[in-house]
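I have placed the structure first, in the form of structure tokens, so that the comments after it can refer back to it.
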Amino acid sequence: MSTSAGEHDREALRLEHLDVLYRVGRGERRVLTDLSFAIRRGESYGLVGESGSGKSTVAFAAVRYLARNGRVSHGRILVDGRDLMALSAAELRRLRTRSVSMVYQDPGRALNPGLRIGPQMAEVFEISEGLREDAALERALQMLTRVQIASPERVLRSYPHELSGGMQQRVVIAMALSTNPALLILDEPTTGLDATVEAEELDLIARLHREFDNSILFISHSLPVVARMCDRVGVLYAGELVEEGSAASVFGDPRHPYTVGLTRCVPGYGRRKTHGRLETIPGFPPQPGSMHGCCIFADRCGNATERCRREAPPPIDLDGHRSRCFYPERAPDLPHQSQGGVAASQTPLAGQGARGELAAGGEITANPESRPPANPVLRARNLSKTYFVAGKPLKAVHGVSLELQPGETLGLVGESGSGKSSLAKLLLGLSAPDPGSEVELCGEALPAHAGERTLAQLKALQIVFQNPGSALNRSQTVRRLIGRSLRLVGLTGRAKEMRLRELAGAVRLTARHLDEKPRQLSGGLMQRVGIARAFAGEPQVVVCDEPTSALDVSVQSAILNLLVDLQARQQVSYIFISHDLNVVHYLADRIAVLYLGRLMEIGPAQVVFEGPHHPYTEALLSANPGLDDRRTRRIRLAGELPSAQRVPAGCVFHTRCPRKLGSLCEREEPPLISAGEGHAIRCHIPAKELRALELSAESPVPEGSTSPRAHPFS
Amino acid sequence: MSESPSGLARERLRTALRSATLISGLAILGFWIACALLGTKMTPLDPYADNLLATLAPPSKTHWFGTDQLGRDIFSRVIVGARGILIIAPLATLLGTVLGTALGLCIGYLRGVLDDVASRVIEALQALPLVIVALMALAAVGTTNASVVLVIGFVFTPLIARTVRSAVLGESELDYVAAARLRGDGPLAIMFVEILPNVLPIAIVEMTVRLGYAIFFVASLSFIGFGIQPPSADWGIAIAENYSLIGSYWWTVLFDAAATASLVVGVNLVTDGLERVFET
């Protein structure tokens with residue numbers, strides 16, 4: 001590197017040709033390879049990559065805090081112009097207190113559970129500035145006020161467990177900024193938070209970034225979040241930085257096939273399943289450091305040539321935009337990857353007694369919006385569930401009524417704690433609803449407990465769980481995991497084995513996978529096993545409980561495609577639970593919005609997205625990060641989701657509602673009022689007026705308040 | 001995605017072979033098992049032959065560990081004494097593990113009144129000194145080798161049940177149990193086919209811990225006359241017969257005590273080693 005010392009002084013972090021190794025067993029595994037990038041002062045730099053790409057290792061290396069089996073084998077790390085590897089232990093400690101701060105994904109683990117927030121925060125000032133306790137506490141209070149936490153005095157006296165996740169993260173951010181560090185490292189800071197809270201948190205980080213003017217290394221798996229938050233972006237793949245440049249150019253005009261693939265995988269705003277399949281990236285990422293002397297992406301790249309397999313491409317500079325690809329000019333023309341249903345469509349999933357038509361070549365034919373109304377396959381009336389926590393009632397679900405047509409997908413959205421999963425459990429019979437609730441399958445009443453249901457009823461109603469690691473018994477092979485569910489259709493011996501292979505083929509597992517155990521499979525493959533299991537009994541309704549939230553984007557799109565294919569082929573109905581509105585919009589025919597266990601809005605997907613909206617739905621939509629943020633309306637919710645044990649009187653949403661009318665909302669709970677076309681909204685404000693309010697809010701956002709970055713996608 | 005099952009097994013074996021704890025524990029345990037199996041074939045002299053001309057002789061070239069009050073060779077008796085304890089203690093531990101695992105699975109999965117009642121009883125039992133409980137039971141049913149096995153097995157059952165129960169509670173929360181219910185599996189199938197394989201490693205480690213206690217337990221019962229019965233050569237009995245002589249004839253007690261201690265230590269070393277291997 002021939003850069004002058006003066007230039008280094010303007011950089012908060014500089015990594016030069018960094019190699020990081022982890023000792024595994026007797027050997028060493030390289031997790032970062034020849035990694036170089038720099039963050040200028042005041043700049044926010046985003047590092048995106050899928051799980052296992054080495055993002056967090058970069059964060060730890062930047063403060064020389066690698067795990068004990070990790071070491072930097074080559075390269076330099078400069079923080080604030082100083083070489084980290086040359087520092088003594090004492091100097092390193094001083095640097096960590098003064099110049100760098102880190103915020104991790106799980107704020108609950110960053111705070112000491114045994115100390116109140118006050119002393120914990122004060123300690124930072126006592127150590128870094130040598131303040132006395134009362135002065136330090138005063139400064140802690142100031143910091144909490146700056147991160148706009150509700151009632152900061154009370155927070156100072158609280159223990160971490162008394163705060164919500166969002167508030168804990170604010171405390172951690174306040175502590176990180178206390179020393180006004182030159183570099184702030186944020187490692188997935190909003191990943192565990194709800195969309196509405198995440199949106200607020202990101203606004204806060206953006207505002208603090210302007211106020212404090214420090215540099216930010218923002219690590220995330222979410223492209224939309226990084227696109228919104230960062231000036232420059234680096235894309236990490238299997239331990240190598242494959243592309244780097246300004247956020248606008250990397251996402252708007254990607255020059256590496258991997259980035260191109262990633263941006264195509266994200267279901268964009270307004271994209272529906274009727275528009276065709278989502279794109280995927282074929283294959284799997286390699287183990288970092290396992291490939292030498294070739295391009296690490298060559299195996300999965302549609303543009304790869306002989307040269308890519310023979311030679312590792314160096315970073316090629318294209319006017320400040322770097323790409324590790326021999327053919328950056330060809331990246332935009334990367335062949336589209338949305339096929340893959342061919343093998344499966346030759347083996348119809350509904351082996352015996354096939355229901356539904358076989359869709360030709362993976363094309364989607366299901367379009368319930370244009371189908372004449374049939375008898376609902378599932379109907380819930382006045383479904384309620386009350387838990388008792390410490391003797392006090394907790395209404396997890398309250399008076400929910402809904403119907404599901406054959407072949408239809410009902411999207412269920414809401415923040416965590418809104419009762420989505422509780423509702424699913426009631427329908428499945430995993431927990432019993434309160435008396436007076438009714439669930440009917442094809443017009444027949446269903447017993448409350450799964451144990452009391454007949455085999456026919458059980459097989460009709462299945463679930464794909466959120467976390468495949470928990471959903472699959474780790475002591476069983478894939479063959480056994482799927483095979484045990486074939487009991488439901490009474491298959492044994494050869495017939496069972498045939499059907500098993502058929503199912504595995506339908507979810508695109510190969511025969512080799514059948515004898516493996518879950519721990520040998522990646523998250524995406526495990527989820528395929530979960531889907532195969534749910535479909536083993538030819539179900540009529542499958543509840544998908546956040547089936548892709550634990551997966552990377554490139555895997556997510558493959559799973560969503562699979563669900564759409566399976567539905568098209570056998571007319572199964574889905575109840576699709578998700579917090580990701582783009583995913584719900586892509587998949588769902590109708591959408592139901594839940595808040596504190598109550599149905600706030602229900603209607604055809606397009607109508608729910610276009611409005612008029614319930615104010616809560618509007619807030620969810622505003623909080624939804626998209627790569628193509630054409631919408632300008634942004635409303636934010638104040639405060640946190642109230643506890644389900646202390647539900648507000650009147651309209652349950654009135655405590656956070658930006659459109660609250662007055663005492664009417666506090667007194668009376670509004671009914672679900674029809675807004676036409678099967679669309680209903682639980683609000684005192686008539687639908688027409690809601691529409692007018694939304695349109696008036698859609699005026700341009702005042703610049704500077706919550707400025708979204710220039711948006712490259714359109 | 002990473003390793004194959006045989007790869008994991010190989011990795012575990014490698015860890016095991018490198019563990020000094022496990023190897024030394026296995027060496028001690030192996031020695032005593034050899035003694036128990038070979039018995040009189042390993043002893044230089046007849047352990048049951050008394051010699052009234054050489055009573056209470058100190059350790060010498062003929063009698064390495066000396067002789068006892070009847071002039072029997074202590075070295076030979078220590079070797080032969082391994083047999084009784086190494087039959088009774090493992091059998092009792094196995095019984096306790098099987099019963100305890102079954103009980104722990106039932107109360108941990110079924111919960112409800114059954115769990116409440118069983119858990120309180122288990123806690124009550126744990127408040128009593130186990131030796132006293134066993135002593136009373138043996139006094140009631142009479143002391144035979146079989147009854148000692150049964151009594152120690154039953155006394156250990158609640159302890160193992162408690163450990164297994166807490167593991168089962170965690171497993172029951174996992175979605176694979178819900179998935180099993182949704183395909184109509186009954187409670188027995190869920191407990192023994194789905195959950196059991198996942199809590200088995202915990203039960204096995206608990207079993208090896210209990211084995212150490214069981215050895216000590218059997219020796220203690222023999223010491224107070226409710227374990228292995230004379231004339232079998234047994235460490236607990238030997239200590240009981242001779243401890244009044246310890247001032248002048250220390251060899252009559254020391255070697256039997258050391259044998260008991262070394263066996264317990266050996267088992268505990270194996271336990272520690274196994275736990276570390278299972279962690280990898």
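Residue numbering restarts at 1 in every chain; chains get A, B, ... in the order shown in the structure tokens, and ligands count up from 1 in that same order.
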
Enumerate as a VMD selection string the residues belonging to chain B that approach chain A to within 10 Å, with only C-alpha atoms taken into account. chain B and resid 1 to 5 11 14 to 15 171 173 to 187 193 to 198

Which range 22-118 of chain B residues have any atom within 8 Å of an atom of range 238-253 of chain B, and for each, what is the nearest pair of atoms with distance in Å to one decimal, counting only C-alpha atoms, rows sorted by chain and number, as a Markdown table?
| residue | atom | partner | partner_atom | distance |
| --- | --- | --- | --- | --- |
| B:Leu56 | CA | B:Tyr249 | CA | 6.9 |
| B:Pro58 | CA | B:Trp251 | CA | 6.9 |
| B:Pro59 | CA | B:Trp251 | CA | 7.3 |
| B:Phe65 | CA | B:Trp251 | CA | 6.4 |
| B:Gly66 | CA | B:Trp251 | CA | 6.5 |
| B:Thr67 | CA | B:Thr252 | CA | 7.0 |
| B:Asp68 | CA | B:Thr252 | CA | 5.8 |
| B:Ile74 | CA | B:Thr252 | CA | 7.2 |

Shell around Val171 in chain A at 9 Å using only C-alpha atoms, local window under 6 positions removed, as a list in words: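 Returned residues: Pro107, Leu111, Ile117, Met121, Met143, Leu144, Val147, Ile149 and Val155 of chain A.
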
Nearest to Ala89 in chain B, chosen from B:Gly153, B:Pro231, B:Gly236, B:Pro201, with only C-alpha atoms counted in the distances: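 Looking only at the distances to Ala89 in chain B, the closest residue turns out to be B:Gly153.
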
For CA of Arg64 in chain A and CA of Asp231 in chain A, quote the distance in Å rounded to one decimal. 24.8 Å

Extract, using only C-alpha atoms, all DNA, RNA and protein residues at most 10 Å from Pro119 in chain A, discarding same-chain residues fewer than 2 positions from it, and format them as a CSV table (one decimal) with C-alpha atoms, in the first residue's frame.
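What follows is the written file around38.csv:
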chain,number,residue,atom,x,y,z
A,115,LEU,CA,-26.6,-4.5,38.0
A,116,ARG,CA,-29.0,-1.7,37.6
A,117,ILE,CA,-28.6,0.3,34.4
A,121,MET,CA,-23.5,3.1,32.6
A,122,ALA,CA,-21.8,5.2,35.2
A,123,GLU,CA,-18.9,2.8,35.2
A,124,VAL,CA,-18.0,3.8,31.6
A,126,GLU,CA,-15.7,6.5,35.9
A,133,GLU,CA,-20.1,8.4,40.9
A,134,ASP,CA,-22.7,11.1,41.1
A,136,ALA,CA,-21.0,9.8,36.2
A,137,LEU,CA,-24.7,9.1,36.9
A,140,ALA,CA,-25.4,8.5,32.1
A,156,LEU,CA,-31.4,4.2,35.4
A,157,ARG,CA,-33.0,2.5,38.4
